[in-house]
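I have placed the structure first, in the form of structure tokens, so that the comments after it can refer back to it.
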Amino acid sequence: MGGEKGAAHRSGSFWWRDLLNITHNSFDDPIGECSRFSVNNGFNTSFWHAKWIGDFSLRILFPDMYEVSNLKHVSVAAMGGWSDGGWSWGDFGLAGSDFTDGVEELRDLVGGAEGMSEGRDDVEWHYKDDMDFSVASCYSFLMKSHIPFGPPNKDDEAFGILWKLEVPFKIKAFGWRLFLNRLPTKDLLLLRGIPLPLDNIFCSFCSNDIEKCRHTFFICDVVKKIWNEIASWVGLGNRMEDECLSSFMEWHSFFKLKKVKRCKLGVVWLAITWCLWIVRNDVCFRNDGWSVNNIVWNIKFTACRWSFCGNITDTNCNFYDFCKDPLCFLS
Ligand SMILES: [Zn+2]
């Protein structure tokens, strides 16, 4: 763990060796990304590379300090020592650097973690709902990160459907980036080495979790309320999917069943995700306020606007009529 090639390569199984070869020096490292460490004696947890405090490794949270640290590949235990019965941290390999404030911030963060104790460190695998490590789970992670156009899966037709929708081009481009998890959400900014203040990495809607595509668009409690309101508005009773492509296809299938025109099948889904993204940007960049009701109203208005671009079905429809029976005007 932690980029130390030698030891793991000598003693690991051939599966382990291959995984490390794939992932060495990669930010899409499935072992580093999906493993959560619980520190006991600290000998088997990489200080900078492992996720042992929160959802990110310290290398991601403090990229500048990691870059200049002389102690990049050491364990948690090697970063400090016991004195007078208490644990104290060293200088993290940053002695003589210009990071005085940063070192204090780092010291506060790790100092708040559970104290060191006897026994080996524990590690758990977390990938979506998989809590046990398996090659299949690891492969699934690599598939998502590296091969968006690789082997087909059941929801791949979403890409083709997206480009045929009658919505402005920039909305299609937005949808495409969302499908591929390429929107600049805060987790991805951190992974790309863009430092963000620690208090500014959370979801703009609930502030309870790190902002990630799946959280902020699909599983955030606030956002779920919005999806459910729109679902009940259009009559989609039991919305189940909370993965991007599966969700798109779920809404697509529902509208198809309701005989909605082919070029309008994804309009409402795109209106939801687009409005969420706009509100998120307004909160992040302008500190704007928001409310669930406002967002829901905006989504309906946006869906209405896009529904009447291209082939207009009923020119006399106004927003009030559209809100009463959206399916009538989409089909
Ligand atoms: Zn949230």
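All residue names refer to the structure tokens as shown: chains lettered A, B, ... in order, residues numbered from 1 in each chain, ligands numbered from 1 in order.
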
Write out as a count of residues only the set of residues from range 87-309 of chain A that DSSP, computed on the backbone, places in helix (DSSP H, G or I). 125

Among range 21-270 of chain A, which residues does DSSP mark as strand (DSSP E or B) when it is run on the backbone? Keep the chain and numbering as in the structure and answer as a list in words. Ser35, Arg36, Phe37, Ser38, Ser46, Lys51, Ser75, Gly80, Gly81, Trp82, Ser83, Gly86, Trp87, Ser88, Trp89, Asp122, Val123, Glu124, Trp125, Tyr127, Asp130, Phe202 and Ile210 of chain A

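Based on only C-alpha atoms and all ligand atoms, the protein and nucleic acid residues found within 10 Å of ligand 1 are, by chain and then by number, Phe202, Cys203, Ser204, Phe205, Cys206, Ser207, Asn208, Asp209, Ile210, Glu211, Lys212, Arg214, His215, Thr216, Phe217, Phe218, Ile219, Cys220, Asp221, Val222, Val223 and Lys224 of chain A.
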
Contacts of Trp306 in chain A at 9 Å or less, counting only C-alpha atoms, minus same-chain residues fewer than 5 places along, as a list in words?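 So, after excluding close chain neighbours, the residues are Glu166, Val167, Pro168, Lys264, Val267, Val268, Ala271 and Phe301 of chain A.
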
Those residues with C-alpha atoms, as a CSV table (one decimal), in the first residue's frame please?
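Saved file result-v6.csv follows:
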chain,number,residue,atom,x,y,z
A,166,GLU,CA,-34.2,18.1,-28.9
A,167,VAL,CA,-32.4,20.2,-26.3
A,168,PRO,CA,-29.8,22.9,-26.8
A,264,LYS,CA,-38.3,14.3,-25.9
A,267,VAL,CA,-35.9,16.1,-21.6
A,268,VAL,CA,-37.2,16.0,-18.0
A,271,ALA,CA,-33.9,19.5,-16.9
A,301,PHE,CA,-40.1,25.7,-16.4

Tell me, counting only C-alpha atoms, for each residue of range 121-188 of chain A within 9 Å of range 29-41 of chain A, which pair of atoms is nearest and how far apart they are in Å to one decimal, in rows ordered by chain and increasing number, as JSON lines.
{"residue": "A:Asp121", "atom": "CA", "partner": "A:Asn40", "partner_atom": "CA", "distance": 4.8}
{"residue": "A:Asp122", "atom": "CA", "partner": "A:Ser38", "partner_atom": "CA", "distance": 5.0}
{"residue": "A:Val123", "atom": "CA", "partner": "A:Phe37", "partner_atom": "CA", "distance": 4.4}
{"residue": "A:Glu124", "atom": "CA", "partner": "A:Arg36", "partner_atom": "CA", "distance": 5.2}
{"residue": "A:Trp125", "atom": "CA", "partner": "A:Ser35", "partner_atom": "CA", "distance": 4.6}
{"residue": "A:His126", "atom": "CA", "partner": "A:Cys34", "partner_atom": "CA", "distance": 5.0}
{"residue": "A:Tyr127", "atom": "CA", "partner": "A:Cys34", "partner_atom": "CA", "distance": 5.5}
{"residue": "A:Lys128", "atom": "CA", "partner": "A:Cys34", "partner_atom": "CA", "distance": 8.9}
{"residue": "A:Cys138", "atom": "CA", "partner": "A:Pro30", "partner_atom": "CA", "distance": 6.4}
{"residue": "A:Tyr139", "atom": "CA", "partner": "A:Pro30", "partner_atom": "CA", "distance": 8.7}
{"residue": "A:Phe141", "atom": "CA", "partner": "A:Pro30", "partner_atom": "CA", "distance": 6.5}
{"residue": "A:Leu142", "atom": "CA", "partner": "A:Pro30", "partner_atom": "CA", "distance": 6.9}

Write a file of the selected residues as an mmCIF file, in the first residue's frame, keeping C-alpha atoms.
data_model
loop_
_atom_site.group_PDB
_atom_site.id
_atom_site.type_symbol
_atom_site.label_atom_id
_atom_site.label_comp_id
_atom_site.auth_asym_id
_atom_site.auth_seq_id
_atom_site.Cartn_x
_atom_site.Cartn_y
_atom_site.Cartn_z
ATOM 1 C CA ASP A 121 -4.245 -1.660 11.410
ATOM 2 C CA ASP A 122 -7.527 -2.753 9.837
ATOM 3 C CA VAL A 123 -8.490 -2.236 6.223
ATOM 4 C CA GLU A 124 -11.909 -2.495 4.619
ATOM 5 C CA TRP A 125 -12.951 -2.481 0.977
ATOM 6 C CA HIS A 126 -15.672 0.012 0.040
ATOM 7 C CA TYR A 127 -16.824 0.203 -3.530
ATOM 8 C CA LYS A 128 -20.456 1.222 -3.932
ATOM 9 C CA CYS A 138 -11.993 -4.136 -8.527
ATOM 10 C CA TYR A 139 -12.568 -4.755 -12.244
ATOM 11 C CA PHE A 141 -14.003 0.124 -10.522
ATOM 12 C CA LEU A 142 -11.356 0.074 -13.255
#

Please report the interatomic distance between CA of Gly102 in chain A and CA of Gly42 in chain A in Å with one decimal.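 The value is 22.4 Å.
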
Using only C-alpha atoms for the distances, tell me which of A:Asp91, A:Ala231, A:Leu71, A:Leu245 is nearest to Ile161 in chain A.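 Comparing A:Asp91, A:Ala231, A:Leu71, A:Leu245 against Ile161 in chain A, the winner is A:Leu245.
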
Quick one: distance from CA of Cys213 in chain A to CA of Gly160 in chain A in Å, one decimal?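 Going from CA of Cys213 in chain A over to CA of Gly160 in chain A, I get 21.1 Å.
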
Fewer than 4 positions away in the same chain doesn't count, so skip those; otherwise give me all residues within 12 Å of range 246-259 of chain A, counting only C-alpha atoms, as JSON, numbers by chain. {"A": [153, 154, 155, 156, 157, 158, 159, 160, 161, 162, 165, 175, 176, 178, 179, 214, 217, 218, 219, 227, 230, 231, 234, 235, 236, 237, 238, 239, 240, 241, 242, 263, 264, 265, 266, 267, 268, 269, 270, 271, 272, 273, 326, 327, 328, 329, 330, 331]}

Would you export the selected residues with N, CA and C atoms as a compact mmCIF listing (two decimals), in the first residue's frame, please?
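The file below, again-v4.txt, is the result:
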# COMPACT_ATOMS: atom_id res chain seq x y z
N ASN A 153 -22.18 -2.22 -21.63
CA ASN A 153 -23.04 -2.62 -20.53
C ASN A 153 -24.46 -2.18 -20.85
N LYS A 154 -25.39 -2.58 -20.01
CA LYS A 154 -26.80 -2.49 -20.39
C LYS A 154 -27.28 -1.05 -20.60
N ASP A 155 -26.58 -0.07 -20.02
CA ASP A 155 -27.08 1.30 -20.13
C ASP A 155 -26.33 2.14 -21.17
N ASP A 156 -25.46 1.51 -21.95
CA ASP A 156 -24.65 2.27 -22.89
C ASP A 156 -25.47 2.99 -23.95
N GLU A 157 -26.68 2.49 -24.24
CA GLU A 157 -27.48 3.13 -25.29
C GLU A 157 -27.86 4.56 -24.90
N ALA A 158 -27.70 4.89 -23.60
CA ALA A 158 -28.00 6.26 -23.15
C ALA A 158 -27.20 7.29 -23.95
N PHE A 159 -25.96 6.96 -24.29
CA PHE A 159 -25.11 7.91 -25.02
C PHE A 159 -25.71 8.25 -26.38
N GLY A 160 -26.20 7.21 -27.07
CA GLY A 160 -26.80 7.43 -28.38
C GLY A 160 -28.09 8.23 -28.27
N ILE A 161 -28.90 7.90 -27.25
CA ILE A 161 -30.19 8.57 -27.08
C ILE A 161 -29.98 10.06 -26.81
N LEU A 162 -28.97 10.35 -25.99
CA LEU A 162 -28.72 11.74 -25.57
C LEU A 162 -28.58 12.68 -26.76
N LEU A 165 -31.76 13.93 -28.63
CA LEU A 165 -32.80 14.70 -27.94
C LEU A 165 -32.86 16.13 -28.47
N GLY A 175 -24.88 16.76 -20.46
CA GLY A 175 -25.31 15.38 -20.19
C GLY A 175 -24.20 14.37 -20.44
N TRP A 176 -23.48 14.61 -21.52
CA TRP A 176 -22.37 13.70 -21.89
C TRP A 176 -21.31 13.69 -20.78
N LEU A 178 -21.77 14.49 -17.69
CA LEU A 178 -22.36 13.88 -16.49
C LEU A 178 -22.32 12.36 -16.60
N PHE A 179 -22.68 11.84 -17.77
CA PHE A 179 -22.64 10.38 -17.98
C PHE A 179 -21.25 9.83 -17.68
N ARG A 214 -22.22 11.27 -7.95
CA ARG A 214 -23.36 10.43 -7.56
C ARG A 214 -24.10 11.02 -6.37
N PHE A 217 -25.90 14.58 -7.46
CA PHE A 217 -26.99 14.50 -8.44
C PHE A 217 -28.04 13.45 -8.08
N PHE A 218 -27.68 12.47 -7.26
CA PHE A 218 -28.63 11.36 -7.12
C PHE A 218 -28.94 10.92 -5.69
N ILE A 219 -27.96 10.88 -4.80
CA ILE A 219 -28.28 10.25 -3.51
C ILE A 219 -28.29 11.22 -2.33
N TRP A 227 -35.97 14.91 -6.93
CA TRP A 227 -36.27 13.84 -7.90
C TRP A 227 -37.67 13.28 -7.64
N ILE A 230 -40.49 15.63 -8.78
CA ILE A 230 -40.66 15.64 -10.25
C ILE A 230 -41.22 14.30 -10.72
N ALA A 231 -40.74 13.22 -10.07
CA ALA A 231 -41.25 11.89 -10.46
C ALA A 231 -42.76 11.82 -10.22
N VAL A 234 -44.70 13.79 -12.93
CA VAL A 234 -44.91 13.16 -14.24
C VAL A 234 -45.61 11.81 -14.12
N GLY A 235 -45.76 11.31 -12.88
CA GLY A 235 -46.47 10.04 -12.68
C GLY A 235 -45.56 8.83 -12.64
N LEU A 236 -44.26 9.06 -12.41
CA LEU A 236 -43.32 7.94 -12.27
C LEU A 236 -43.29 7.57 -10.79
N GLY A 237 -44.10 6.59 -10.42
CA GLY A 237 -44.35 6.31 -9.00
C GLY A 237 -43.17 5.76 -8.23
N ASN A 238 -42.56 4.72 -8.74
CA ASN A 238 -41.54 4.05 -7.93
C ASN A 238 -40.16 4.18 -8.55
N ARG A 239 -39.63 5.37 -8.50
CA ARG A 239 -38.29 5.63 -9.02
C ARG A 239 -37.29 4.89 -8.17
N MET A 240 -36.41 4.09 -8.80
CA MET A 240 -35.51 3.24 -8.02
C MET A 240 -34.03 3.58 -8.23
N GLU A 241 -33.65 3.95 -9.44
CA GLU A 241 -32.24 3.98 -9.81
C GLU A 241 -31.53 5.23 -9.26
N ASP A 242 -30.31 5.05 -8.75
CA ASP A 242 -29.55 6.21 -8.31
C ASP A 242 -28.13 6.22 -8.87
N CYS A 263 -37.78 12.27 -29.49
CA CYS A 263 -36.81 13.35 -29.28
C CYS A 263 -37.03 14.09 -27.95
N LYS A 264 -38.07 13.69 -27.19
CA LYS A 264 -38.35 14.35 -25.90
C LYS A 264 -38.14 13.40 -24.72
N LEU A 265 -37.69 12.17 -25.00
CA LEU A 265 -37.69 11.15 -23.95
C LEU A 265 -36.79 11.48 -22.74
N GLY A 266 -35.72 12.23 -22.98
CA GLY A 266 -34.81 12.50 -21.86
C GLY A 266 -34.87 13.94 -21.37
N VAL A 267 -35.86 14.69 -21.88
CA VAL A 267 -35.89 16.13 -21.60
C VAL A 267 -36.05 16.43 -20.11
N VAL A 268 -36.96 15.73 -19.45
CA VAL A 268 -37.22 16.02 -18.03
C VAL A 268 -36.00 15.64 -17.18
N TRP A 269 -35.41 14.49 -17.49
CA TRP A 269 -34.22 14.04 -16.74
C TRP A 269 -33.09 15.07 -16.88
N LEU A 270 -32.89 15.56 -18.11
CA LEU A 270 -31.84 16.56 -18.32
C LEU A 270 -32.17 17.88 -17.63
N ALA A 271 -33.47 18.23 -17.61
CA ALA A 271 -33.87 19.47 -16.94
C ALA A 271 -33.56 19.37 -15.45
N ILE A 272 -33.78 18.20 -14.86
CA ILE A 272 -33.50 18.03 -13.42
C ILE A 272 -32.00 18.21 -13.17
N THR A 273 -31.19 17.43 -13.89
CA THR A 273 -29.75 17.45 -13.60
C THR A 273 -29.14 18.82 -13.94
N PRO A 326 -47.84 17.37 -18.11
CA PRO A 326 -46.65 17.44 -18.96
C PRO A 326 -46.62 16.35 -20.03
N LEU A 327 -47.12 15.16 -19.69
CA LEU A 327 -47.03 14.06 -20.65
C LEU A 327 -47.83 14.34 -21.92
N CYS A 328 -48.94 15.02 -21.72
CA CYS A 328 -49.78 15.35 -22.86
C CYS A 328 -49.00 16.19 -23.88
N PHE A 329 -48.16 17.09 -23.38
CA PHE A 329 -47.46 17.99 -24.30
C PHE A 329 -46.14 17.41 -24.80
N LEU A 330 -45.68 16.34 -24.14
CA LEU A 330 -44.44 15.73 -24.60
C LEU A 330 -44.72 14.62 -25.63
N SER A 331 -45.96 14.16 -25.66
CA SER A 331 -46.23 13.03 -26.55
C SER A 331 -46.86 13.48 -27.87

Hey, what's within 8 Å of Ile295 in chain A if we count only C-alpha atoms and toss same-chain stuff fewer than 6 positions away? As a PyMOL selection string, please? chain A and resi 226+275-276+279

Output C-alpha atoms of each residue in that selection to a file, as a JSON list (two decimals), in the first residue's frame.
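Once everything was written out, this is again_14.json:
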[["chain", "number", "residue", "atom", "x", "y", "z"],
["A", 226, "ILE", "CA", -36.42, 17.00, -5.78],
["A", 275, "CYS", "CA", -31.04, 22.81, -12.89],
["A", 276, "LEU", "CA", -29.27, 21.04, -10.01],
["A", 279, "VAL", "CA", -28.03, 25.93, -8.51]]

Rounded to one decimal, what separation in Å do you get between CA of Arg305 in chain A and CA of Phe169 in chain A? 14.3 Å
